[in-house]
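Here is the structure we will look at, set down as structure tokens.
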Amino acid sequence: MTIKKNKMNTKLIHGGISEDPATGALSIPIYQSATFKQIELGKTTAGYEYGRSGNPTRDALESLIADLENGSDGFAFASGLAAITTVLFLFKSGDRILISQNVYGGTFRILDEIFNNFDLEYEIIDTENLEKYENVLKNDENIRGIIIESPTNPLLTVTDLNEISKISKKYNVLTIVDNTFMTPYLQKPLDLGADIVVHSGTKYLGGHSDVVSGLLVVNDKKLAEKLRFLQNSTGGILEPFDSWLLIRGIKTLSVRMDRHIENAKYIANVLKNSEAVNEIYFPGDVDFKGYQIQKKQAKGPGGMISFTLKEDYNINEFFKNLKIITLAESLGGVESLVSHPVTMTHACIPKNILEKIGIGENLIRLSVGIEDKEDLVEDLLTAIKKSKNKIK
Ligand SMILES: *Cc1c(COP(=O)(O)O)cnc(C)c1O
């Protein structure tokens, strides 16, 4: 059943292949099968041959994410990075890729330490500056793609996706948007002109910190064909059980996201007015640089907040004294998580680059969960208080 015309909340529940065509099961079964019977040479039972090239449970997820992003085709991978790796195989040696400043550390790492060996070069660019972007494209015809996050990880920098896509099209450059922080509930990059949407399904889409996964969506049959070939050829597919978990998580995306946002707005306001806080990065704050563009292109600010504490606060003491909010990698789950980008998510990026793009030792990234907001604020303020004037 494909119901592309419906509104978002309905699509989250009924989008894509939302029931099992073979049995009518409302929860798509976990088709735990590596291979499928062929009736005669070249004739399959239901279009499936081998688990890497296609599986009914993964199919249901792939059609769901395509539906949610208003795309033609979706692809599910074993992780967000497997999805990004597959996208990078679209390019060839001698091509150059641009990445927005402060992207996910792992995205930087594959380009810097792996694809560099195959002469696929990259360059970091401030995608807030559209004029500069156009100039770079004008002067380097080897640039074939740009990977953007908006808002970015961890500084929540906002890029005008519609304007960037327009410029890319002019120079025949692929616009790839990592939509992990927003999800299609809040932002639809394909509608804004992007060519490829990337997700770490591990985060908000899964939503329960229990499955590692990645997704790609395109709205172009030719590009879809290339990605289908690459997905099967490189093999980083998502397993049936994990596909099922992701479908299950996606059903409650809107209600979770609404609560993430409600809590994040409340906490951001408290932090902004706290004596201890130096800077706060939150796209829902009217004084934040990207606020207007965020409002224009997304339905909400999301649930991520980054902030710095003043000099006389000890960051490690702050982390140690949190009782509800957990120090851990990852984000977008129902539970609130906090992280230290310099030593955790962005540790693979050299210090001099981190400094240049403004990710300092005292930066804290908070993934606001769906707990009671008053409890979260109390937890934060208590930990902040206990970390004051502790020798570093
Ligand atoms: C986590 C994350 C990734 C990588 O996804 P994995 O599922 O961990 O491989 C990519 N981009 C962003 C923005 C992320 O937060």
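Please note that chains go A, B, ... in the order of the structure tokens, that every chain numbers its residues from 1, and that ligands are numbered from 1 in the order shown.
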
What are the closest atom pairs, with distances in Å to one decimal, for each residue of chain A lying within 8 Å of ligand 1, using only C-alpha atoms and all ligand atoms, rows by chain and rising residue number, as a Markdown table?
```
| residue | atom | partner | partner_atom_place_in_ligand_line | distance |
| --- | --- | --- | --- | --- |
| A:Ala78 | CA | ligand 1 | 7 (O) | 7.6 |
| A:Ser79 | CA | ligand 1 | 7 (O) | 4.0 |
| A:Gly80 | CA | ligand 1 | 5 (O) | 3.4 |
| A:Leu81 | CA | ligand 1 | 9 (O) | 3.9 |
| A:Ala82 | CA | ligand 1 | 9 (O) | 6.5 |
| A:Ala83 | CA | ligand 1 | 9 (O) | 7.8 |
| A:Ile84 | CA | ligand 1 | 10 (C) | 7.7 |
| A:Val103 | CA | ligand 1 | 13 (C) | 6.9 |
| A:Tyr104 | CA | ligand 1 | 12 (C) | 5.1 |
| A:Gly106 | CA | ligand 1 | 4 (C) | 6.4 |
| A:Thr107 | CA | ligand 1 | 10 (C) | 6.6 |
| A:Glu149 | CA | ligand 1 | 13 (C) | 6.7 |
| A:Thr152 | CA | ligand 1 | 13 (C) | 7.1 |
| A:Asn153 | CA | ligand 1 | 13 (C) | 6.0 |
| A:Asp178 | CA | ligand 1 | 13 (C) | 6.0 |
| A:Asn179 | CA | ligand 1 | 13 (C) | 7.0 |
| A:Thr180 | CA | ligand 1 | 13 (C) | 5.0 |
| A:Phe181 | CA | ligand 1 | 13 (C) | 6.1 |
| A:Val198 | CA | ligand 1 | 11 (N) | 7.8 |
| A:His199 | CA | ligand 1 | 11 (N) | 6.6 |
| A:Ser200 | CA | ligand 1 | 5 (O) | 4.2 |
| A:Gly201 | CA | ligand 1 | 7 (O) | 6.1 |
| A:Thr202 | CA | ligand 1 | 7 (O) | 4.9 |
| A:Lys203 | CA | ligand 1 | 1 (C) | 6.7 |
| A:Val212 | CA | ligand 1 | 7 (O) | 5.2 |
| A:Ser213 | CA | ligand 1 | 7 (O) | 5.0 |
| A:Gly214 | CA | ligand 1 | 7 (O) | 5.5 |
| A:Ser330 | CA | ligand 1 | 1 (C) | 6.1 |
| A:Leu331 | CA | ligand 1 | 15 (O) | 6.9 |
```

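Summary of the local environment: counting only C-alpha atoms, residues at most 9 Å from A:Phe108, other than itself and those fewer than 3 positions away along its chain, are A:Ile99, A:Asn102, A:Val103, A:Tyr104, A:Gly105, A:Leu111, A:Asp112, A:Glu113, A:Tyr122, A:Cys348, A:Ile349.
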
Please identify every residue of stretch 219-264 of chain A that has at least one atom no farther than 7 Å from an atom of stretch 54-58 of chain A, counting only C-alpha atoms, and for each give the shortest atom pair and the distance in Å to one decimal, arranged by chain then increasing number, as CSV.
```
residue,atom,partner,partner_atom,distance
A:Pro240,CA,A:Thr57,CA,5.5
A:Ser243,CA,A:Arg58,CA,5.4
A:Trp244,CA,A:Thr57,CA,6.4
```

Going by DSSP on the backbone, which residues of stretch 32-125 of chain A come out as helix (DSSP H, G or I)? List them as a PDB file with all heavy atoms, in the first residue's frame.
```pdb
ATOM      1  N   PRO A  56      12.134  -8.863   2.064  1.00  0.00           N
ATOM      2  CA  PRO A  56      10.836  -8.197   2.228  1.00  0.00           C
ATOM      3  C   PRO A  56      10.765  -7.236   3.426  1.00  0.00           C
ATOM      4  O   PRO A  56      10.108  -6.195   3.342  1.00  0.00           O
ATOM      5  CB  PRO A  56       9.860  -9.356   2.417  1.00  0.00           C
ATOM      6  CG  PRO A  56      10.546 -10.558   1.871  1.00  0.00           C
ATOM      7  CD  PRO A  56      12.013 -10.331   2.038  1.00  0.00           C
ATOM      8  N   THR A  57      11.425  -7.569   4.531  1.00  0.00           N
ATOM      9  CA  THR A  57      11.377  -6.689   5.701  1.00  0.00           C
ATOM     10  C   THR A  57      12.158  -5.401   5.414  1.00  0.00           C
ATOM     11  O   THR A  57      11.715  -4.296   5.719  1.00  0.00           O
ATOM     12  CB  THR A  57      11.953  -7.387   6.959  1.00  0.00           C
ATOM     13  OG1 THR A  57      11.451  -8.713   7.022  1.00  0.00           O
ATOM     14  CG2 THR A  57      11.588  -6.629   8.223  1.00  0.00           C
ATOM     15  N   ARG A  58      13.334  -5.583   4.781  1.00  0.00           N
ATOM     16  CA  ARG A  58      14.130  -4.393   4.425  1.00  0.00           C
ATOM     17  C   ARG A  58      13.401  -3.560   3.370  1.00  0.00           C
ATOM     18  O   ARG A  58      13.404  -2.331   3.439  1.00  0.00           O
ATOM     19  CB  ARG A  58      15.499  -4.838   3.886  1.00  0.00           C
ATOM     20  CG  ARG A  58      16.534  -3.729   3.928  1.00  0.00           C
ATOM     21  CD  ARG A  58      17.873  -4.243   3.462  1.00  0.00           C
ATOM     22  NE  ARG A  58      18.017  -4.185   2.025  1.00  0.00           N
ATOM     23  CZ  ARG A  58      18.607  -5.132   1.271  1.00  0.00           C
ATOM     24  NH1 ARG A  58      19.089  -6.225   1.825  1.00  0.00           N
ATOM     25  NH2 ARG A  58      18.699  -4.985  -0.027  1.00  0.00           N
ATOM     26  N   ASP A  59      12.745  -4.249   2.453  1.00  0.00           N
ATOM     27  CA  ASP A  59      11.950  -3.562   1.431  1.00  0.00           C
ATOM     28  C   ASP A  59      10.899  -2.645   2.056  1.00  0.00           C
ATOM     29  O   ASP A  59      10.678  -1.525   1.587  1.00  0.00           O
ATOM     30  CB  ASP A  59      11.182  -4.609   0.604  1.00  0.00           C
ATOM     31  CG  ASP A  59      11.796  -4.790  -0.761  1.00  0.00           C
ATOM     32  OD1 ASP A  59      12.912  -4.283  -0.961  1.00  0.00           O
ATOM     33  OD2 ASP A  59      11.160  -5.437  -1.608  1.00  0.00           O
ATOM     34  N   ALA A  60      10.233  -3.167   3.084  1.00  0.00           N
ATOM     35  CA  ALA A  60       9.171  -2.393   3.739  1.00  0.00           C
ATOM     36  C   ALA A  60       9.766  -1.119   4.338  1.00  0.00           C
ATOM     37  O   ALA A  60       9.208  -0.023   4.213  1.00  0.00           O
ATOM     38  CB  ALA A  60       8.499  -3.227   4.825  1.00  0.00           C
ATOM     39  N   LEU A  61      10.919  -1.256   4.976  1.00  0.00           N
ATOM     40  CA  LEU A  61      11.592  -0.093   5.558  1.00  0.00           C
ATOM     41  C   LEU A  61      12.031   0.883   4.458  1.00  0.00           C
ATOM     42  O   LEU A  61      11.858   2.101   4.583  1.00  0.00           O
ATOM     43  CB  LEU A  61      12.812  -0.550   6.366  1.00  0.00           C
ATOM     44  CG  LEU A  61      13.768   0.558   6.815  1.00  0.00           C
ATOM     45  CD1 LEU A  61      13.077   1.502   7.801  1.00  0.00           C
ATOM     46  CD2 LEU A  61      15.021  -0.041   7.460  1.00  0.00           C
ATOM     47  N   GLU A  62      12.596   0.327   3.383  1.00  0.00           N
ATOM     48  CA  GLU A  62      13.101   1.193   2.302  1.00  0.00           C
ATOM     49  C   GLU A  62      11.958   1.961   1.635  1.00  0.00           C
ATOM     50  O   GLU A  62      12.087   3.148   1.307  1.00  0.00           O
ATOM     51  CB  GLU A  62      13.895   0.353   1.282  1.00  0.00           C
ATOM     52  CG  GLU A  62      15.207  -0.156   1.889  1.00  0.00           C
ATOM     53  CD  GLU A  62      16.045  -1.030   0.958  1.00  0.00           C
ATOM     54  OE1 GLU A  62      15.478  -1.626   0.021  1.00  0.00           O
ATOM     55  OE2 GLU A  62      17.274  -1.122   1.186  1.00  0.00           O
ATOM     56  N   SER A  63      10.821   1.322   1.478  1.00  0.00           N
ATOM     57  CA  SER A  63       9.686   2.032   0.870  1.00  0.00           C
ATOM     58  C   SER A  63       9.122   3.064   1.855  1.00  0.00           C
ATOM     59  O   SER A  63       8.657   4.126   1.454  1.00  0.00           O
ATOM     60  CB  SER A  63       8.609   1.048   0.421  1.00  0.00           C
ATOM     61  OG  SER A  63       7.957   0.476   1.523  1.00  0.00           O
ATOM     62  N   LEU A  64       9.191   2.761   3.152  1.00  0.00           N
ATOM     63  CA  LEU A  64       8.698   3.704   4.161  1.00  0.00           C
ATOM     64  C   LEU A  64       9.539   4.981   4.186  1.00  0.00           C
ATOM     65  O   LEU A  64       8.996   6.095   4.141  1.00  0.00           O
ATOM     66  CB  LEU A  64       8.699   3.034   5.549  1.00  0.00           C
ATOM     67  CG  LEU A  64       8.339   3.913   6.740  1.00  0.00           C
ATOM     68  CD1 LEU A  64       6.934   4.506   6.604  1.00  0.00           C
ATOM     69  CD2 LEU A  64       8.429   3.107   8.051  1.00  0.00           C
ATOM     70  N   ILE A  65      10.859   4.828   4.217  1.00  0.00           N
ATOM     71  CA  ILE A  65      11.705   6.029   4.307  1.00  0.00           C
ATOM     72  C   ILE A  65      11.611   6.852   3.017  1.00  0.00           C
ATOM     73  O   ILE A  65      11.615   8.091   3.054  1.00  0.00           O
ATOM     74  CB  ILE A  65      13.171   5.701   4.707  1.00  0.00           C
ATOM     75  CG1 ILE A  65      13.943   6.984   5.096  1.00  0.00           C
ATOM     76  CG2 ILE A  65      13.937   4.977   3.610  1.00  0.00           C
ATOM     77  CD1 ILE A  65      13.434   7.690   6.336  1.00  0.00           C
ATOM     78  N   ALA A  66      11.447   6.166   1.867  1.00  0.00           N
ATOM     79  CA  ALA A  66      11.281   6.895   0.603  1.00  0.00           C
ATOM     80  C   ALA A  66       9.996   7.733   0.672  1.00  0.00           C
ATOM     81  O   ALA A  66       9.985   8.912   0.312  1.00  0.00           O
ATOM     82  CB  ALA A  66      11.223   5.920  -0.562  1.00  0.00           C
ATOM     83  N   ASP A  67       8.950   7.123   1.166  1.00  0.00           N
ATOM     84  CA  ASP A  67       7.662   7.787   1.301  1.00  0.00           C
ATOM     85  C   ASP A  67       7.776   9.018   2.224  1.00  0.00           C
ATOM     86  O   ASP A  67       7.297  10.102   1.915  1.00  0.00           O
ATOM     87  CB  ASP A  67       6.686   6.772   1.896  1.00  0.00           C
ATOM     88  CG  ASP A  67       5.256   7.020   1.471  1.00  0.00           C
ATOM     89  OD1 ASP A  67       5.014   8.026   0.781  1.00  0.00           O
ATOM     90  OD2 ASP A  67       4.384   6.219   1.830  1.00  0.00           O
ATOM     91  N   LEU A  68       8.449   8.826   3.358  1.00  0.00           N
ATOM     92  CA  LEU A  68       8.550   9.910   4.347  1.00  0.00           C
ATOM     93  C   LEU A  68       9.367  11.098   3.832  1.00  0.00           C
ATOM     94  O   LEU A  68       9.097  12.246   4.161  1.00  0.00           O
ATOM     95  CB  LEU A  68       9.182   9.383   5.644  1.00  0.00           C
ATOM     96  CG  LEU A  68       8.402   8.301   6.390  1.00  0.00           C
ATOM     97  CD1 LEU A  68       9.172   7.849   7.616  1.00  0.00           C
ATOM     98  CD2 LEU A  68       7.018   8.797   6.776  1.00  0.00           C
ATOM     99  N   GLY A  80      24.893   4.243   9.598  1.00  0.00           N
ATOM    100  CA  GLY A  80      24.916   5.509   8.872  1.00  0.00           C
ATOM    101  C   GLY A  80      26.180   5.617   8.031  1.00  0.00           C
ATOM    102  O   GLY A  80      26.154   6.075   6.889  1.00  0.00           O
ATOM    103  N   LEU A  81      27.294   5.143   8.598  1.00  0.00           N
ATOM    104  CA  LEU A  81      28.556   5.249   7.866  1.00  0.00           C
ATOM    105  C   LEU A  81      28.605   4.304   6.673  1.00  0.00           C
ATOM    106  O   LEU A  81      29.221   4.615   5.653  1.00  0.00           O
ATOM    107  CB  LEU A  81      29.746   5.018   8.806  1.00  0.00           C
ATOM    108  CG  LEU A  81      30.101   6.275   9.617  1.00  0.00           C
ATOM    109  CD1 LEU A  81      31.228   5.987  10.592  1.00  0.00           C
ATOM    110  CD2 LEU A  81      30.476   7.443   8.710  1.00  0.00           C
ATOM    111  N   ALA A  82      27.944   3.152   6.760  1.00  0.00           N
ATOM    112  CA  ALA A  82      27.856   2.254   5.595  1.00  0.00           C
ATOM    113  C   ALA A  82      27.066   2.955   4.486  1.00  0.00           C
ATOM    114  O   ALA A  82      27.402   2.825   3.303  1.00  0.00           O
ATOM    115  CB  ALA A  82      27.191   0.939   5.983  1.00  0.00           C
ATOM    116  N   ALA A  83      26.043   3.717   4.873  1.00  0.00           N
ATOM    117  CA  ALA A  83      25.248   4.469   3.889  1.00  0.00           C
ATOM    118  C   ALA A  83      26.116   5.549   3.234  1.00  0.00           C
ATOM    119  O   ALA A  83      26.133   5.695   2.004  1.00  0.00           O
ATOM    120  CB  ALA A  83      24.030   5.086   4.559  1.00  0.00           C
ATOM    121  N   ILE A  84      26.876   6.275   4.048  1.00  0.00           N
ATOM    122  CA  ILE A  84      27.732   7.350   3.528  1.00  0.00           C
ATOM    123  C   ILE A  84      28.831   6.777   2.630  1.00  0.00           C
ATOM    124  O   ILE A  84      29.136   7.312   1.567  1.00  0.00           O
ATOM    125  CB  ILE A  84      28.317   8.193   4.697  1.00  0.00           C
ATOM    126  CG1 ILE A  84      27.171   8.945   5.394  1.00  0.00           C
ATOM    127  CG2 ILE A  84      29.384   9.170   4.210  1.00  0.00           C
ATOM    128  CD1 ILE A  84      27.532   9.606   6.708  1.00  0.00           C
ATOM    129  N   THR A  85      29.419   5.647   3.068  1.00  0.00           N
ATOM    130  CA  THR A  85      30.450   4.991   2.258  1.00  0.00           C
ATOM    131  C   THR A  85      29.900   4.650   0.882  1.00  0.00           C
ATOM    132  O   THR A  85      30.554   4.866  -0.144  1.00  0.00           O
ATOM    133  CB  THR A  85      30.941   3.696   2.956  1.00  0.00           C
ATOM    134  OG1 THR A  85      31.448   4.059   4.235  1.00  0.00           O
ATOM    135  CG2 THR A  85      32.037   3.004   2.166  1.00  0.00           C
ATOM    136  N   THR A  86      28.677   4.119   0.853  1.00  0.00           N
ATOM    137  CA  THR A  86      28.058   3.728  -0.419  1.00  0.00           C
ATOM    138  C   THR A  86      27.871   4.951  -1.321  1.00  0.00           C
ATOM    139  O   THR A  86      28.127   4.880  -2.524  1.00  0.00           O
ATOM    140  CB  THR A  86      26.719   3.016  -0.151  1.00  0.00           C
ATOM    141  OG1 THR A  86      26.970   1.951   0.763  1.00  0.00           O
ATOM    142  CG2 THR A  86      26.109   2.468  -1.423  1.00  0.00           C
ATOM    143  N   VAL A  87      27.469   6.065  -0.736  1.00  0.00           N
ATOM    144  CA  VAL A  87      27.315   7.301  -1.518  1.00  0.00           C
ATOM    145  C   VAL A  87      28.658   7.703  -2.124  1.00  0.00           C
ATOM    146  O   VAL A  87      28.745   8.103  -3.285  1.00  0.00           O
ATOM    147  CB  VAL A  87      26.774   8.454  -0.637  1.00  0.00           C
ATOM    148  CG1 VAL A  87      26.928   9.789  -1.340  1.00  0.00           C
ATOM    149  CG2 VAL A  87      25.314   8.211  -0.303  1.00  0.00           C
ATOM    150  N   LEU A  88      29.729   7.567  -1.339  1.00  0.00           N
ATOM    151  CA  LEU A  88      31.047   8.002  -1.822  1.00  0.00           C
ATOM    152  C   LEU A  88      31.532   7.154  -2.998  1.00  0.00           C
ATOM    153  O   LEU A  88      32.323   7.622  -3.815  1.00  0.00           O
ATOM    154  CB  LEU A  88      32.072   7.999  -0.675  1.00  0.00           C
ATOM    155  CG  LEU A  88      31.816   9.078   0.387  1.00  0.00           C
ATOM    156  CD1 LEU A  88      32.788   8.940   1.547  1.00  0.00           C
ATOM    157  CD2 LEU A  88      31.897  10.480  -0.209  1.00  0.00           C
ATOM    158  N   GLY A 105      32.060  13.383  12.908  1.00  0.00           N
ATOM    159  CA  GLY A 105      33.466  13.001  12.862  1.00  0.00           C
ATOM    160  C   GLY A 105      33.745  11.839  11.921  1.00  0.00           C
ATOM    161  O   GLY A 105      34.750  11.829  11.200  1.00  0.00           O
ATOM    162  N   GLY A 106      32.862  10.857  11.898  1.00  0.00           N
ATOM    163  CA  GLY A 106      33.054   9.668  11.071  1.00  0.00           C
ATOM    164  C   GLY A 106      33.018   9.975   9.583  1.00  0.00           C
ATOM    165  O   GLY A 106      33.708   9.325   8.791  1.00  0.00           O
ATOM    166  N   THR A 107      32.221  10.964   9.194  1.00  0.00           N
ATOM    167  CA  THR A 107      32.142  11.372   7.790  1.00  0.00           C
ATOM    168  C   THR A 107      33.480  11.958   7.363  1.00  0.00           C
ATOM    169  O   THR A 107      34.010  11.668   6.297  1.00  0.00           O
ATOM    170  CB  THR A 107      31.016  12.414   7.597  1.00  0.00           C
ATOM    171  OG1 THR A 107      29.803  11.851   8.088  1.00  0.00           O
ATOM    172  CG2 THR A 107      30.855  12.816   6.152  1.00  0.00           C
ATOM    173  N   PHE A 108      34.042  12.778   8.233  1.00  0.00           N
ATOM    174  CA  PHE A 108      35.366  13.353   7.992  1.00  0.00           C
ATOM    175  C   PHE A 108      36.414  12.241   7.888  1.00  0.00           C
ATOM    176  O   PHE A 108      37.246  12.234   6.984  1.00  0.00           O
ATOM    177  CB  PHE A 108      35.716  14.324   9.140  1.00  0.00           C
ATOM    178  CG  PHE A 108      37.133  14.794   9.111  1.00  0.00           C
ATOM    179  CD1 PHE A 108      37.510  15.875   8.327  1.00  0.00           C
ATOM    180  CD2 PHE A 108      38.111  14.145   9.861  1.00  0.00           C
ATOM    181  CE1 PHE A 108      38.828  16.305   8.284  1.00  0.00           C
ATOM    182  CE2 PHE A 108      39.427  14.560   9.823  1.00  0.00           C
ATOM    183  CZ  PHE A 108      39.783  15.647   9.040  1.00  0.00           C
ATOM    184  N   ARG A 109      36.317  11.273   8.817  1.00  0.00           N
ATOM    185  CA  ARG A 109      37.336  10.219   8.891  1.00  0.00           C
ATOM    186  C   ARG A 109      37.394   9.335   7.635  1.00  0.00           C
ATOM    187  O   ARG A 109      38.475   9.036   7.149  1.00  0.00           O
ATOM    188  CB  ARG A 109      37.094   9.355  10.141  1.00  0.00           C
ATOM    189  CG  ARG A 109      38.134   8.254  10.347  1.00  0.00           C
ATOM    190  CD  ARG A 109      37.901   7.521  11.647  1.00  0.00           C
ATOM    191  NE  ARG A 109      36.524   7.034  11.712  1.00  0.00           N
ATOM    192  CZ  ARG A 109      35.916   6.676  12.841  1.00  0.00           C
ATOM    193  NH1 ARG A 109      36.536   6.752  14.000  1.00  0.00           N
ATOM    194  NH2 ARG A 109      34.681   6.240  12.810  1.00  0.00           N
ATOM    195  N   ILE A 110      36.206   8.955   7.083  1.00  0.00           N
ATOM    196  CA  ILE A 110      36.277   8.099   5.884  1.00  0.00           C
ATOM    197  C   ILE A 110      36.940   8.848   4.743  1.00  0.00           C
ATOM    198  O   ILE A 110      37.676   8.251   3.972  1.00  0.00           O
ATOM    199  CB  ILE A 110      34.921   7.653   5.242  1.00  0.00           C
ATOM    200  CG1 ILE A 110      33.741   7.841   6.147  1.00  0.00           C
ATOM    201  CG2 ILE A 110      35.024   6.265   4.674  1.00  0.00           C
ATOM    202  CD1 ILE A 110      32.438   7.450   5.411  1.00  0.00           C
ATOM    203  N   LEU A 111      36.645  10.130   4.622  1.00  0.00           N
ATOM    204  CA  LEU A 111      37.248  10.899   3.534  1.00  0.00           C
ATOM    205  C   LEU A 111      38.732  11.099   3.774  1.00  0.00           C
ATOM    206  O   LEU A 111      39.562  10.914   2.883  1.00  0.00           O
ATOM    207  CB  LEU A 111      36.541  12.250   3.402  1.00  0.00           C
ATOM    208  CG  LEU A 111      35.182  12.177   2.709  1.00  0.00           C
ATOM    209  CD1 LEU A 111      34.362  13.415   2.982  1.00  0.00           C
ATOM    210  CD2 LEU A 111      35.354  11.976   1.200  1.00  0.00           C
ATOM    211  N   ASP A 112      39.061  11.453   5.005  1.00  0.00           N
ATOM    212  CA  ASP A 112      40.433  11.821   5.344  1.00  0.00           C
ATOM    213  C   ASP A 112      41.372  10.621   5.368  1.00  0.00           C
ATOM    214  O   ASP A 112      42.531  10.715   4.949  1.00  0.00           O
ATOM    215  CB  ASP A 112      40.433  12.514   6.717  1.00  0.00           C
ATOM    216  CG  ASP A 112      41.779  13.107   7.059  1.00  0.00           C
ATOM    217  OD1 ASP A 112      42.261  13.928   6.250  1.00  0.00           O
ATOM    218  OD2 ASP A 112      42.345  12.755   8.115  1.00  0.00           O
ATOM    219  N   GLU A 113      40.905   9.478   5.845  1.00  0.00           N
ATOM    220  CA  GLU A 113      41.816   8.350   6.052  1.00  0.00           C
ATOM    221  C   GLU A 113      41.584   7.180   5.113  1.00  0.00           C
ATOM    222  O   GLU A 113      42.408   6.276   5.038  1.00  0.00           O
ATOM    223  CB  GLU A 113      41.740   7.878   7.504  1.00  0.00           C
ATOM    224  CG  GLU A 113      42.233   8.935   8.478  1.00  0.00           C
ATOM    225  CD  GLU A 113      42.454   8.379   9.871  1.00  0.00           C
ATOM    226  OE1 GLU A 113      43.083   7.322   9.985  1.00  0.00           O
ATOM    227  OE2 GLU A 113      41.958   9.014  10.822  1.00  0.00           O
ATOM    228  N   ILE A 114      40.449   7.141   4.435  1.00  0.00           N
ATOM    229  CA  ILE A 114      40.193   5.994   3.550  1.00  0.00           C
ATOM    230  C   ILE A 114      40.092   6.424   2.081  1.00  0.00           C
ATOM    231  O   ILE A 114      40.911   6.039   1.262  1.00  0.00           O
ATOM    232  CB  ILE A 114      38.946   5.208   4.002  1.00  0.00           C
ATOM    233  CG1 ILE A 114      39.165   4.705   5.439  1.00  0.00           C
ATOM    234  CG2 ILE A 114      38.691   4.023   3.055  1.00  0.00           C
ATOM    235  CD1 ILE A 114      37.969   4.118   6.106  1.00  0.00           C
ATOM    236  N   PHE A 115      39.110   7.265   1.778  1.00  0.00           N
ATOM    237  CA  PHE A 115      38.936   7.627   0.361  1.00  0.00           C
ATOM    238  C   PHE A 115      40.083   8.474  -0.176  1.00  0.00           C
ATOM    239  O   PHE A 115      40.327   8.499  -1.374  1.00  0.00           O
ATOM    240  CB  PHE A 115      37.567   8.282   0.129  1.00  0.00           C
ATOM    241  CG  PHE A 115      36.467   7.269   0.018  1.00  0.00           C
ATOM    242  CD1 PHE A 115      35.780   6.830   1.141  1.00  0.00           C
ATOM    243  CD2 PHE A 115      36.157   6.704  -1.211  1.00  0.00           C
ATOM    244  CE1 PHE A 115      34.792   5.864   1.035  1.00  0.00           C
ATOM    245  CE2 PHE A 115      35.169   5.736  -1.332  1.00  0.00           C
ATOM    246  CZ  PHE A 115      34.477   5.315  -0.195  1.00  0.00           C
ATOM    247  N   ASN A 116      40.783   9.146   0.714  1.00  0.00           N
ATOM    248  CA  ASN A 116      41.977   9.887   0.318  1.00  0.00           C
ATOM    249  C   ASN A 116      43.004   8.975  -0.361  1.00  0.00           C
ATOM    250  O   ASN A 116      43.694   9.382  -1.288  1.00  0.00           O
ATOM    251  CB  ASN A 116      42.614  10.531   1.560  1.00  0.00           C
ATOM    252  CG  ASN A 116      42.692  12.036   1.419  1.00  0.00           C
ATOM    253  OD1 ASN A 116      42.161  12.597   0.450  1.00  0.00           O
ATOM    254  ND2 ASN A 116      43.333  12.686   2.361  1.00  0.00           N
ATOM    255  N   ASN A 117      43.057   7.725   0.113  1.00  0.00           N
ATOM    256  CA  ASN A 117      43.996   6.746  -0.468  1.00  0.00           C
ATOM    257  C   ASN A 117      43.651   6.399  -1.911  1.00  0.00           C
ATOM    258  O   ASN A 117      44.461   5.820  -2.626  1.00  0.00           O
ATOM    259  CB  ASN A 117      43.990   5.437   0.342  1.00  0.00           C
ATOM    260  CG  ASN A 117      44.543   5.649   1.728  1.00  0.00           C
ATOM    261  OD1 ASN A 117      45.380   6.530   1.939  1.00  0.00           O
ATOM    262  ND2 ASN A 117      44.064   4.876   2.681  1.00  0.00           N
ATOM    263  N   PHE A 118      42.405   6.688  -2.285  1.00  0.00           N
ATOM    264  CA  PHE A 118      41.979   6.388  -3.655  1.00  0.00           C
ATOM    265  C   PHE A 118      41.850   7.679  -4.469  1.00  0.00           C
ATOM    266  O   PHE A 118      41.116   7.731  -5.448  1.00  0.00           O
ATOM    267  CB  PHE A 118      40.649   5.626  -3.630  1.00  0.00           C
ATOM    268  CG  PHE A 118      40.727   4.323  -2.859  1.00  0.00           C
ATOM    269  CD1 PHE A 118      40.414   4.271  -1.517  1.00  0.00           C
ATOM    270  CD2 PHE A 118      41.165   3.174  -3.495  1.00  0.00           C
ATOM    271  CE1 PHE A 118      40.520   3.080  -0.802  1.00  0.00           C
ATOM    272  CE2 PHE A 118      41.265   1.979  -2.790  1.00  0.00           C
ATOM    273  CZ  PHE A 118      40.946   1.935  -1.439  1.00  0.00           C
TER     274      PHE A 118
END
```

Test item, strand (DSSP E) assignment across stretch 14-132 of chain A, answer as an MDAnalysis selection string: chainID A and resid 38:40 43:44 73:77 96:100 121:125

Residue selection dump (C-alpha atoms) as a CSV table (one decimal), in the first residue's frame:
```
chain,number,residue,atom,x,y,z
A,38,GLN,CA,13.3,-20.0,-7.5
A,39,ILE,CA,10.4,-21.8,-9.3
A,40,GLU,CA,12.4,-22.3,-12.5
A,43,LYS,CA,11.7,-17.1,-12.2
A,44,THR,CA,11.4,-16.1,-8.5
A,73,ASP,CA,13.6,5.1,-3.6
A,74,GLY,CA,15.1,4.2,-0.2
A,75,PHE,CA,18.0,2.1,0.8
A,76,ALA,CA,18.8,0.6,4.2
A,77,PHE,CA,22.4,-0.1,5.5
A,96,ARG,CA,36.7,16.4,-5.2
A,97,ILE,CA,34.0,16.4,-2.4
A,98,LEU,CA,33.2,19.4,-0.2
A,99,ILE,CA,32.0,18.8,3.4
A,100,SER,CA,30.4,21.4,5.6
A,121,GLU,CA,39.9,14.5,-2.3
A,122,TYR,CA,37.9,16.5,0.1
A,123,GLU,CA,37.8,20.1,1.3
A,124,ILE,CA,36.0,21.6,4.3
A,125,ILE,CA,33.8,24.6,3.6
```

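In terms of minimum interatomic distance to A:Asn129, A:Ile164 ranks closest within A:Lys310, A:Ile164, A:Ser150, A:Leu238, counting only C-alpha atoms.
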
Close residues, A:Ser168 itself excluded, 12 Å, only C-alpha atoms, min 2 positions apart in chain, as number ranges by chain: A: 97-98, 127, 130, 133-138, 141, 143-148, 161-166, 170-176, 193-195
